[in-house]
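Enquirer: Next comes the structure file target_26.txt, holding compact mmCIF, C-alpha atoms.
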```txt
# COMPACT_ATOMS: atom_id res chain seq x y z
CA MET A 1 240.05 147.36 13.96
CA ILE A 2 243.69 146.32 14.08
CA LEU A 3 244.82 143.19 12.25
CA ILE A 4 247.95 141.52 13.62
CA LEU A 5 249.74 139.01 11.43
CA SER A 6 252.19 137.03 13.51
CA TYR A 7 253.17 133.65 14.91
CA ASP A 8 250.66 131.50 16.69
CA GLN A 9 253.13 130.78 19.45
CA TYR A 10 256.20 132.40 20.90
CA GLU A 11 257.11 135.61 19.09
CA GLN A 12 258.61 137.86 21.67
CA GLY A 13 257.87 141.12 19.86
CA THR A 14 254.13 140.54 19.40
CA ASP A 15 252.59 139.51 22.69
CA PRO A 16 253.68 142.49 24.84
CA VAL A 17 251.99 144.80 22.31
CA ILE A 18 248.84 142.71 22.51
CA ASP A 19 248.94 143.06 26.29
CA TRP A 20 248.82 146.83 25.82
CA LEU A 21 245.95 146.56 23.31
CA LEU A 22 244.04 144.55 25.90
CA TYR A 23 244.88 147.15 28.53
CA TYR A 24 243.50 149.92 26.27
CA ARG A 25 240.46 147.71 25.46
CA LYS A 26 241.15 148.02 21.74
CA ASP A 27 239.59 145.64 19.22
CA PHE A 28 242.11 143.60 17.29
CA LEU A 29 242.28 140.41 15.29
CA ARG A 30 245.38 138.24 15.48
CA VAL A 31 245.93 135.87 12.57
CA SER A 32 248.76 133.38 12.30
CA LEU A 33 249.80 131.04 9.56
CA SER A 34 248.39 128.22 11.71
CA ASP A 35 245.00 129.94 11.64
CA ILE A 36 245.15 130.01 7.84
CA VAL A 37 246.17 126.39 7.29
CA ARG A 38 244.74 124.52 10.25
CA ARG A 39 241.05 123.65 10.57
CA LYS A 40 240.25 125.75 13.59
CA VAL A 41 238.51 128.76 12.05
CA ARG A 42 235.95 128.81 9.23
CA TYR A 43 236.90 131.38 6.60
CA GLN A 44 236.68 132.05 2.88
CA VAL A 45 238.44 134.40 0.50
CA ASP A 46 235.83 135.70 -1.94
CA LEU A 47 237.57 136.76 -5.17
CA GLN A 48 234.40 138.19 -6.74
CA ARG A 49 233.72 140.54 -3.84
CA GLN A 50 237.43 140.81 -3.06
CA ASP A 51 236.70 140.22 0.58
CA ILE A 52 237.53 137.82 3.39
CA LEU A 53 234.79 136.27 5.48
CA ILE A 54 235.65 134.81 8.87
CA ASN A 55 232.84 132.76 10.39
CA GLY A 56 230.62 134.32 7.73
CA GLN A 57 231.48 137.91 8.63
CA SER A 58 233.28 140.30 6.32
CA ILE A 59 236.42 141.80 7.86
CA LYS A 60 237.73 143.90 4.99
CA GLU A 61 235.91 147.10 5.91
CA LYS A 62 236.51 146.65 9.62
CA ILE A 63 240.28 146.47 9.32
CA LYS A 64 242.02 149.86 9.12
CA VAL A 65 245.57 149.14 10.20
CA ILE A 66 247.68 146.01 9.83
CA TRP A 67 250.71 145.11 11.93
CA HIS A 68 252.64 142.54 9.95
CA ARG A 69 255.16 140.72 12.08
CA ARG A 70 256.75 137.51 10.83
CA LEU A 71 253.58 135.85 9.50
CA MET A 72 255.49 133.66 7.07
CA GLY A 73 258.28 132.84 9.52
CA GLU A 74 256.26 130.21 11.28
CA SER A 75 256.81 126.63 10.25
CA LEU A 76 253.65 125.13 8.83
CA THR A 77 255.05 121.85 7.67
CA ALA A 78 255.70 120.31 11.08
CA CYS A 79 252.45 118.37 10.64
CA PHE A 80 254.01 116.24 7.91
CA ASN A 81 255.15 113.00 9.36
CA GLN A 82 258.58 112.27 8.01
CA ALA A 83 258.04 108.53 8.47
CA ASP A 84 255.14 108.62 6.00
CA LEU A 85 257.23 110.00 3.19
CA GLN A 86 260.56 109.45 1.58
CA GLN A 87 263.03 112.25 2.17
CA ASN A 88 262.88 113.66 -1.37
CA GLN A 89 259.06 113.50 -1.38
CA LEU A 90 258.98 115.36 1.94
CA TYR A 91 261.16 118.18 0.62
CA GLN A 92 259.04 118.52 -2.51
CA LEU A 93 255.75 118.46 -0.57
CA LYS A 94 257.02 121.10 1.86
CA ALA A 95 258.17 123.32 -0.98
CA GLU A 96 254.87 123.01 -2.83
CA VAL A 97 252.73 123.64 0.26
CA ASN A 98 254.88 126.63 1.17
CA GLN A 99 254.43 128.06 -2.31
CA GLU A 100 250.65 127.58 -2.16
CA ILE A 101 250.34 129.42 1.12
CA SER A 102 252.86 132.05 0.07
CA ASP A 103 250.76 132.92 -3.01
CA LEU A 104 247.59 133.04 -0.91
CA VAL A 105 249.21 135.37 1.61
CA GLN A 106 250.54 137.52 -1.24
CA TYR A 107 246.98 137.89 -2.51
CA LEU A 108 245.79 138.91 0.96
CA GLY A 109 248.38 141.68 0.72
CA VAL A 110 246.73 142.81 -2.53
CA LEU A 111 243.25 142.74 -0.96
CA PHE A 112 244.40 144.89 1.92
CA LYS A 113 246.68 147.19 -0.07
CA ASP A 114 244.67 150.32 0.78
CA LYS A 115 245.08 149.76 4.54
CA LYS A 116 247.76 151.35 6.69
CA TRP A 117 250.53 148.78 7.13
CA LEU A 118 253.24 148.57 9.72
CA THR A 119 255.70 146.73 7.48
CA SER A 120 254.08 145.80 4.21
CA PHE A 121 254.63 142.42 2.59
CA GLU A 122 256.94 144.14 0.09
CA GLY A 123 259.03 145.73 2.81
CA PHE A 124 259.20 142.61 4.94
CA LYS A 125 262.32 141.23 3.31
CA VAL A 126 264.59 144.04 2.25
CA ASN A 127 267.74 143.28 0.35
CA LYS A 128 270.83 143.90 2.46
CA LEU A 129 272.94 144.98 -0.53
CA TRP A 130 270.28 147.40 -1.82
CA MET A 131 269.94 148.92 1.67
CA LEU A 132 273.68 149.61 1.69
CA ASN A 133 273.24 151.42 -1.63
CA LEU A 134 270.31 153.47 -0.30
CA ALA A 135 272.14 154.37 2.90
CA SER A 136 275.14 155.47 0.87
CA GLN A 137 272.92 157.62 -1.37
CA SER A 138 271.53 159.31 1.73
CA GLY A 139 275.04 160.40 2.68
CA LEU A 140 275.58 157.81 5.41
CA SER A 141 278.91 156.03 5.63
CA VAL A 142 278.75 152.33 4.81
CA PRO A 143 281.48 149.67 4.88
CA ARG A 144 283.24 149.04 1.58
CA SER A 145 281.54 145.88 0.36
CA GLU A 146 281.92 143.45 -2.52
CA VAL A 147 280.34 140.14 -3.48
CA ILE A 148 283.20 138.01 -4.80
CA ASN A 149 283.38 134.50 -6.22
CA ASN A 150 287.12 133.99 -6.63
CA ARG A 151 290.32 134.08 -4.58
CA ARG A 152 292.20 136.44 -6.89
CA ASN A 153 289.68 139.29 -6.61
CA LEU A 154 289.29 138.53 -2.92
CA ARG A 155 293.03 139.03 -2.32
CA MET A 156 292.89 142.38 -4.15
CA PHE A 157 289.88 143.51 -2.11
CA TYR A 158 291.61 142.32 1.08
CA SER A 159 294.55 144.61 0.27
CA ARG A 160 292.30 147.55 -0.62
CA VAL A 161 290.57 147.39 2.79
CA GLY A 162 293.87 147.34 4.66
CA LYS A 163 293.88 143.60 5.33
CA SER A 164 291.02 144.02 7.74
CA MET A 165 287.98 142.23 6.34
CA ILE A 166 284.91 140.23 7.28
CA SER A 167 282.53 137.93 5.44
CA LYS A 168 278.83 137.61 6.21
CA PRO A 169 275.68 136.15 4.67
CA ILE A 170 273.91 138.29 2.04
CA SER A 171 270.53 137.25 3.38
CA ASP A 172 269.42 137.17 6.98
CA SER A 173 270.36 133.54 7.54
CA ARG A 174 269.93 132.73 11.20
CA GLU A 175 268.86 129.12 11.26
CA ALA A 176 270.71 126.88 13.67
CA TYR A 177 272.10 123.46 12.83
CA ALA A 178 271.92 121.06 15.74
CA LYS A 179 274.37 118.17 15.90
CA GLY A 180 274.74 116.21 19.10
CA ASP A 181 275.30 118.53 22.02
CA LYS A 182 276.56 121.28 19.71
CA THR A 183 274.70 123.92 17.71
CA TYR A 184 276.20 125.57 14.63
CA LEU A 185 275.35 129.05 13.35
CA LEU A 186 276.43 131.48 10.69
CA PHE A 187 277.78 134.73 12.06
CA THR A 188 280.03 137.45 10.72
CA ASN A 189 283.52 136.03 10.19
CA GLU A 190 286.85 137.75 10.31
CA MET A 191 288.94 136.90 7.27
CA SER A 192 292.71 136.46 7.40
CA GLU A 193 295.54 135.68 4.96
CA GLU A 194 295.50 132.11 6.25
CA ARG A 195 291.77 131.69 5.65
CA ILE A 196 291.98 133.16 2.16
CA ALA A 197 294.86 130.82 1.33
CA THR A 198 292.69 127.78 2.10
CA LEU A 199 289.91 128.83 -0.28
CA PRO A 200 289.57 127.29 -3.74
CA ASP A 201 290.20 129.45 -6.84
CA PHE A 202 286.44 129.86 -7.34
CA PHE A 203 283.74 129.66 -4.68
CA PHE A 204 280.08 130.47 -4.16
CA PRO A 205 279.48 134.26 -4.36
CA THR A 206 280.01 135.65 -0.86
CA LEU A 207 279.66 139.11 0.66
CA PHE A 208 282.90 140.64 1.97
CA GLN A 209 283.19 143.94 3.80
CA GLU A 210 285.92 146.04 5.30
CA LYS A 211 286.13 145.46 9.03
CA ILE A 212 285.24 148.63 10.90
CA ASN A 213 287.59 149.73 13.67
CA ILE A 214 284.68 149.90 16.05
CA ASP A 215 284.21 151.90 19.22
CA PHE A 216 280.72 150.52 19.88
CA GLU A 217 277.57 149.34 18.13
CA ILE A 218 274.24 151.15 18.09
CA ARG A 219 270.86 149.49 17.74
CA THR A 220 268.07 151.86 16.75
CA PHE A 221 264.37 151.11 16.75
CA TYR A 222 262.62 153.24 14.13
CA LEU A 223 258.88 153.82 14.00
CA ASP A 224 257.28 156.34 11.71
CA GLY A 225 260.07 158.91 11.97
CA LYS A 226 260.90 158.42 15.64
CA PHE A 227 264.21 156.91 16.76
CA SER A 228 264.94 155.02 19.98
CA SER A 229 268.64 154.23 20.03
CA THR A 230 270.75 152.03 22.27
CA ALA A 231 274.54 151.97 22.53
CA VAL A 232 275.87 148.45 23.03
CA LEU A 233 279.06 148.96 24.99
CA ASN A 234 281.36 145.99 25.34
CA THR A 235 284.21 146.21 27.85
CA SER A 236 285.80 142.85 27.04
CA ALA A 237 289.48 142.91 26.14
CA LYS A 238 288.78 140.63 23.17
CA LYS A 239 286.31 142.14 20.70
CA GLU A 240 284.15 139.76 18.70
CA VAL A 241 283.24 140.75 15.12
CA ASP A 242 279.57 139.84 15.66
CA LYS A 243 277.70 141.40 18.55
CA LYS A 244 275.38 138.40 18.78
CA LEU A 245 278.32 136.57 20.34
CA TYR A 246 278.48 138.89 23.33
CA ILE A 247 274.94 140.23 23.81
CA THR A 248 274.45 138.25 27.02
CA SER A 249 277.97 138.80 28.36
CA LYS A 250 278.30 140.56 31.70
CA ASN A 251 280.77 142.87 29.94
CA THR A 252 278.06 144.13 27.58
CA HIS A 253 276.12 147.19 28.66
CA TYR A 254 273.03 148.66 27.01
CA VAL A 255 272.77 152.41 27.37
CA PRO A 256 270.20 154.87 25.97
CA TYR A 257 271.80 156.82 23.15
CA GLU A 258 270.88 159.80 21.04
CA LEU A 259 272.05 159.84 17.43
CA PRO A 260 273.01 163.20 15.90
CA LYS A 261 270.03 164.79 14.12
CA GLU A 262 271.93 164.73 10.82
CA ILE A 263 272.36 160.93 11.07
CA GLU A 264 268.69 160.48 12.00
CA GLU A 265 267.61 162.54 9.00
CA LYS A 266 269.72 160.38 6.66
CA LEU A 267 268.37 157.19 8.22
CA HIS A 268 264.83 158.53 7.88
CA TRP A 269 265.44 159.24 4.18
CA THR A 270 266.84 155.72 3.73
CA MET A 271 263.80 154.15 5.39
CA MET A 272 261.43 156.26 3.29
CA GLU A 273 263.20 155.24 0.09
CA ALA A 274 262.94 151.60 1.12
CA LYS A 275 259.23 152.16 1.91
CA LEU A 276 259.76 151.01 5.49
CA ASN A 277 257.89 152.70 8.34
CA THR A 278 259.51 150.58 11.03
CA GLY A 279 262.64 148.54 11.58
CA CYS A 280 265.64 147.83 13.74
CA LEU A 281 268.72 149.56 12.39
CA ASP A 282 272.27 148.46 13.16
CA LEU A 283 275.00 151.09 13.10
CA MET A 284 278.58 151.28 14.31
CA LYS A 285 280.51 154.20 15.69
CA ASP A 286 284.15 153.84 14.74
CA VAL A 287 287.14 154.99 16.77
CA ASN A 288 287.28 158.21 14.71
CA GLY A 289 283.72 159.13 15.68
CA ASN A 290 282.09 158.25 12.35
CA TYR A 291 278.67 156.61 12.25
CA ILE A 292 278.52 153.68 9.85
CA PHE A 293 275.29 152.10 8.64
CA ILE A 294 275.34 148.29 8.71
CA GLU A 295 271.83 146.99 8.02
CA VAL A 296 268.15 147.19 8.83
CA ASN A 297 265.83 144.40 9.92
CA PRO A 298 262.21 145.43 9.23
CA ILE A 299 260.83 142.97 11.79
CA GLY A 300 263.81 142.92 14.16
CA GLN A 301 263.47 142.19 17.85
CA TYR A 302 263.34 145.28 19.99
CA LEU A 303 262.39 144.14 23.48
CA ALA A 304 265.89 143.59 24.87
CA GLU A 305 266.98 147.17 24.18
CA SER A 306 263.56 148.50 25.13
CA GLU A 307 263.63 146.83 28.53
CA ARG A 308 267.23 147.71 29.28
CA CYS A 309 266.82 151.36 28.29
CA ASN A 310 263.30 151.84 29.64
CA TYR A 311 261.98 152.78 26.22
CA HIS A 312 258.68 150.85 26.60
CA LEU A 313 258.58 150.28 22.86
CA ASP A 314 255.82 147.66 23.18
CA ARG A 315 253.52 150.35 24.56
CA PHE A 316 254.73 152.80 21.92
CA ILE A 317 253.86 150.37 19.11
CA ALA A 318 250.44 149.64 20.65
CA GLU A 319 249.66 153.35 20.96
CA TRP A 320 250.79 153.95 17.37
CA LEU A 321 248.46 151.19 16.15
CA ILE A 322 245.54 152.58 18.17
CA GLU A 323 246.15 156.13 17.03
CA THR A 324 246.43 155.06 13.39
CA ASP A 325 243.27 152.98 13.67
CA ASN A 326 241.39 155.93 15.17
CA THR A 327 242.35 158.42 12.45
CA MET B 1 276.27 131.38 25.27
CA LYS B 2 279.30 129.10 25.39
CA VAL B 3 281.20 129.23 22.11
CA THR B 4 283.51 126.27 21.61
CA GLY B 5 285.11 127.39 18.35
CA ASN B 6 284.69 127.71 14.62
CA ASN B 7 283.89 124.55 12.77
CA THR B 8 281.75 123.16 9.99
CA ILE B 9 279.33 120.27 9.83
CA PHE B 10 279.60 119.93 6.06
CA SER B 11 281.95 117.87 3.92
CA GLU B 12 284.48 119.56 1.64
CA SER B 13 282.44 118.59 -1.42
CA LEU B 14 279.38 120.37 0.00
CA LEU B 15 281.46 123.37 1.09
CA GLN B 16 282.63 123.76 -2.51
CA LYS B 17 279.01 124.55 -3.43
CA ALA B 18 278.17 126.83 -0.50
CA PRO B 19 279.12 130.38 0.49
CA ILE B 20 282.43 130.39 2.34
CA ASN B 21 280.73 131.37 5.61
CA TYR B 22 279.77 127.72 6.08
CA ARG B 23 283.46 126.93 6.57
CA TYR B 24 283.60 129.09 9.69
CA MET B 25 280.35 128.26 11.48
CA VAL B 26 280.31 129.19 15.13
CA GLU B 27 280.06 126.11 17.33
CA ILE B 28 278.04 126.59 20.50
CA GLU B 29 277.15 124.23 23.31
CA THR B 30 273.46 123.58 22.67
CA SER B 31 272.60 123.78 26.37
CA SER B 32 273.85 127.38 26.38
CA PHE B 33 272.17 128.45 23.13
CA ASN B 34 269.53 130.92 24.24
CA GLU B 35 267.32 130.82 21.18
CA ASP B 36 266.75 127.08 21.45
CA ALA B 37 265.41 126.87 24.96
CA PRO B 38 266.61 128.62 28.09
CA GLY B 39 267.60 132.23 28.16
CA TYR B 40 266.27 135.67 28.68
CA ARG B 41 262.93 137.06 27.75
CA PHE B 42 261.97 140.65 28.09
CA SER B 43 258.25 140.69 28.45
CA LYS B 44 255.85 139.79 31.20
CA SER B 45 253.17 138.55 28.84
CA HIS B 46 251.06 135.74 30.30
CA ARG B 47 251.26 134.00 26.95
CA HIS B 48 254.94 133.57 27.61
CA SER B 49 254.67 132.29 31.13
CA SER B 50 256.56 129.21 30.16
CA LYS B 51 259.17 127.56 32.30
CA ALA B 52 261.31 127.38 29.20
CA PHE B 53 261.96 131.09 29.25
CA ILE B 54 263.57 133.01 32.05
CA ASN B 55 262.15 136.43 32.75
CA ALA B 56 264.76 139.20 32.74
CA ASN B 57 263.74 141.93 35.07
CA CYS B 58 264.68 145.52 34.45
CA TYR B 59 267.99 146.02 36.23
CA LYS B 60 268.36 149.76 36.19
CA PRO B 61 266.27 152.57 37.59
CA ILE B 62 264.11 154.59 35.27
CA SER B 63 265.83 157.82 34.35
CA ASP B 64 266.21 160.15 31.43
CA ILE B 65 269.98 159.84 31.41
CA ILE B 66 271.44 159.10 28.02
CA PHE B 67 274.97 158.07 27.14
CA GLN B 68 276.07 161.52 26.02
CA ASN B 69 275.23 162.99 29.44
CA PHE B 70 278.33 161.30 30.83
CA PHE B 71 280.46 163.47 28.55
CA ALA B 72 278.52 166.70 28.95
CA ASP B 73 281.32 168.30 31.00
CA ASP B 74 283.80 167.86 28.15
CA GLU B 75 281.72 169.78 25.66
CA PRO B 76 282.44 173.45 25.04
```
Please rewrite the model in this file as structure tokens.
Expert:
Amino acid sequence: MILILSYDQYEQGTDPVIDWLLYYRKDFLRVSLSDIVRRKVRYQVDLQRQDILINGQSIKEKIKVIWHRRLMGESLTACFNQADLQQNQLYQLKAEVNQEISDLVQYLGVLFKDKKWLTSFEGFKVNKLWMLNLASQSGLSVPRSEVINNRRNLRMFYSRVGKSMISKPISDSREAYAKGDKTYLLFTNEMSEERIATLPDFFFPTLFQEKINIDFEIRTFYLDGKFSSTAVLNTSAKKEVDKKLYITSKNTHYVPYELPKEIEEKLHWTMMEAKLNTGCLDLMKDVNGNYIFIEVNPIGQYLAESERCNYHLDRFIAEWLIETDNT
Amino acid sequence: MKVTGNNTIFSESLLQKAPINYRYMVEIETSSFNEDAPGYRFSKSHRHSSKAFINANCYKPISDIIFQNFFADDEP
């Protein structure tokens, strides 16, 4: 049986795969964080037998393959009524409850460690800086990057990269801040002399990279050695430094793309070293024809490129899960 | 997505303690921010048959053409 660990509600990458599992009449069990913390389903984790019983039935032997997709991303603290607690108590309670459930989920990963995973708990949150190192070791080109905490070193790095530089979060920070009728987000920023001049002598450590003279971006969905790549062509006169700012523009075109075999082999090596069997890879092709590795998101969204390029990746994932479960 | 500029919602004293990216946050009109409510979705799952999400239909015919095919004539 297939175990799917995902959101209880809207998670655009999960449900289309489940539709295909239903179509193929394949047994699966979908578990969300809500299922674990709410009082809907009767279950127990038996540490002596190292087993999980749901409604009194053992599932450990039945499960052969696990598709782990954003289990811990779901908010489980919405049930806390802010009016019942002072602000500092609320923060502490949320942190403590999150840690409790995080440790429980970590143990579930230990119980199921001998199963076939599509993104293990360890691989779920890869380090962006380490991935740049791995990609570089594979022979891929990567942007020159430094984490800097002071203006003096930043100015020197700015000169070394030809005064063409960006800053971006080290982690995958994508939470939105709502304020009135405006929403605020962190994206990749272009750095200039003027911006550097306004910074204090010392600041919080921040990731800086050379800005690539880009021809176009490439988004690649990777699953168990197979690549499905999409070129994101933007015909706007003004190029943004972050593609998220123009993904829905009418000047953005998604086209099926085939990476050179040599690049795919290096990406495959990188993924193997990171112990990832799936992920969405971001690359750039610069104006000189070089392919530059940017980052990988192990649980990235794939449906937009899949739909626009007719890749049918939802069906591909479902068939991979079924095939793995049957072997 | 309607971007209205780069701005920050934090005070200078807070910015001193945060990565510099928070100084250049992208300001978007909430009504146009796809991830918050309206926007595209790319599946036809019944679970997602919500009025909050607009279904994006496939807009190009199914073919095996890939980007490089457009340049095939230029290759030796």
Enquirer: Once 6 Å is added on each side, what are the centre and the three edge lengths, in Å to one decimal, of the axis-aligned box enclosing the listed atoms of range 13-19 of chain B? Present them as AutoDock Vina command-line options.
Expert:
```
--center_x 280.4 --center_y 124.5 --center_z -1.2 --size_x 16.5 --size_y 23.8 --size_z 16.5
```
Enquirer: Neighbouring residues of Val41 in chain A were defined as those with any atom within 8 Å, considering all atoms listed in the file; residues of the same chain fewer than 6 positions away were excluded. Please report them as number ranges by chain.
Expert: A: 35, 54-55
Enquirer: When you count all atoms listed in the file, which of these residues is closest to chain B: A:Asp215, A:Glu305, A:Glu122, A:Glu193?
Expert: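 Closest residue, counting all atoms listed in the file: A:Glu305.
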Enquirer: Mind listing as a short mmCIF file (atom, residue, chain, number, x, y, z; two decimals) with C-alpha atoms, in the coordinates of the input which residues of chain A are within 8 Å of chain B, counting only C-alpha atoms?
Expert:
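Generated output (part_10.cif):
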```cif
data_model
loop_
_atom_site.label_atom_id
_atom_site.label_comp_id
_atom_site.auth_asym_id
_atom_site.auth_seq_id
_atom_site.Cartn_x
_atom_site.Cartn_y
_atom_site.Cartn_z
CA TYR A 10 256.20 132.40 20.90
CA GLN A 12 258.61 137.86 21.67
CA ASP A 15 252.59 139.51 22.69
CA PRO A 16 253.68 142.49 24.84
CA ASP A 19 248.94 143.06 26.29
CA SER A 167 282.53 137.93 5.44
CA LYS A 168 278.83 137.61 6.21
CA PRO A 169 275.68 136.15 4.67
CA ALA A 178 271.92 121.06 15.74
CA ASP A 181 275.30 118.53 22.02
CA LYS A 182 276.56 121.28 19.71
CA THR A 183 274.70 123.92 17.71
CA TYR A 184 276.20 125.57 14.63
CA LEU A 185 275.35 129.05 13.35
CA LEU A 186 276.43 131.48 10.69
CA PHE A 187 277.78 134.73 12.06
CA THR A 188 280.03 137.45 10.72
CA ASN A 189 283.52 136.03 10.19
CA PRO A 200 289.57 127.29 -3.74
CA PHE A 203 283.74 129.66 -4.68
CA PHE A 204 280.08 130.47 -4.16
CA PRO A 205 279.48 134.26 -4.36
CA THR A 206 280.01 135.65 -0.86
CA ALA A 231 274.54 151.97 22.53
CA LEU A 245 278.32 136.57 20.34
CA THR A 248 274.45 138.25 27.02
CA VAL A 255 272.77 152.41 27.37
CA PRO A 256 270.20 154.87 25.97
CA TYR A 257 271.80 156.82 23.15
CA GLU A 258 270.88 159.80 21.04
CA LEU A 303 262.39 144.14 23.48
CA ALA A 304 265.89 143.59 24.87
CA GLU A 307 263.63 146.83 28.53
CA ARG A 308 267.23 147.71 29.28
CA ASN A 310 263.30 151.84 29.64
#
```
Enquirer: If I take CA of Leu276 in chain A and CA of Thr119 in chain A, how far is one from the other in Å, to one decimal?
Expert: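 Pair CA of Leu276 in chain A / CA of Thr119 in chain A returns 6.2 Å.
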Enquirer: Which of these residues is nearest to Val45 in chain A, using only C-alpha atoms: A:Arg70, A:Ser192, A:Tyr107, A:Ser145?
Expert: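 Closest to Val45 in chain A of all the choices is A:Tyr107.
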Enquirer: How far is it from CA of Gly109 in chain A to CA of Gly13 in chain A, in Å with one decimal?
Expert: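 Pair CA of Gly109 in chain A / CA of Gly13 in chain A returns 21.4 Å.
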Enquirer: To one decimal place, how far is CA of Thr252 in chain A from CA of Thr270 in chain A in Å?
Expert: 28.8 Å
Enquirer: For Leu22 in chain A, list every protein, DNA or RNA residue within 12 Å, evaluated using all atoms listed in the file, and leave out those in the same chain fewer than 2 positions away; present the list as an MDAnalysis selection string.
Expert: (chainID A and resid 2 15:20 24:29 315 318:319 322) or (chainID B and resid 45)
Enquirer: Need to verify the contact set: Phe216 in chain A, 10 Å, only C-alpha atoms, exclusion of same-chain residues closer than 4 positions in sequence. Can you return it as a list in words?
Expert: Ala231, Val232, Leu233, Asn234, Thr235, Lys243, Leu283, Met284, Lys285, Asp286, Val287 and Tyr291 of chain A
Enquirer: Measuring between all atoms listed in the file, which one of A:Ile294, A:Ile170, A:Ile196, A:Leu111 shows the shortest distance to Ser136 in chain A?
Expert: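 Among the listed residues, A:Ile294 lies closest to Ser136 in chain A.
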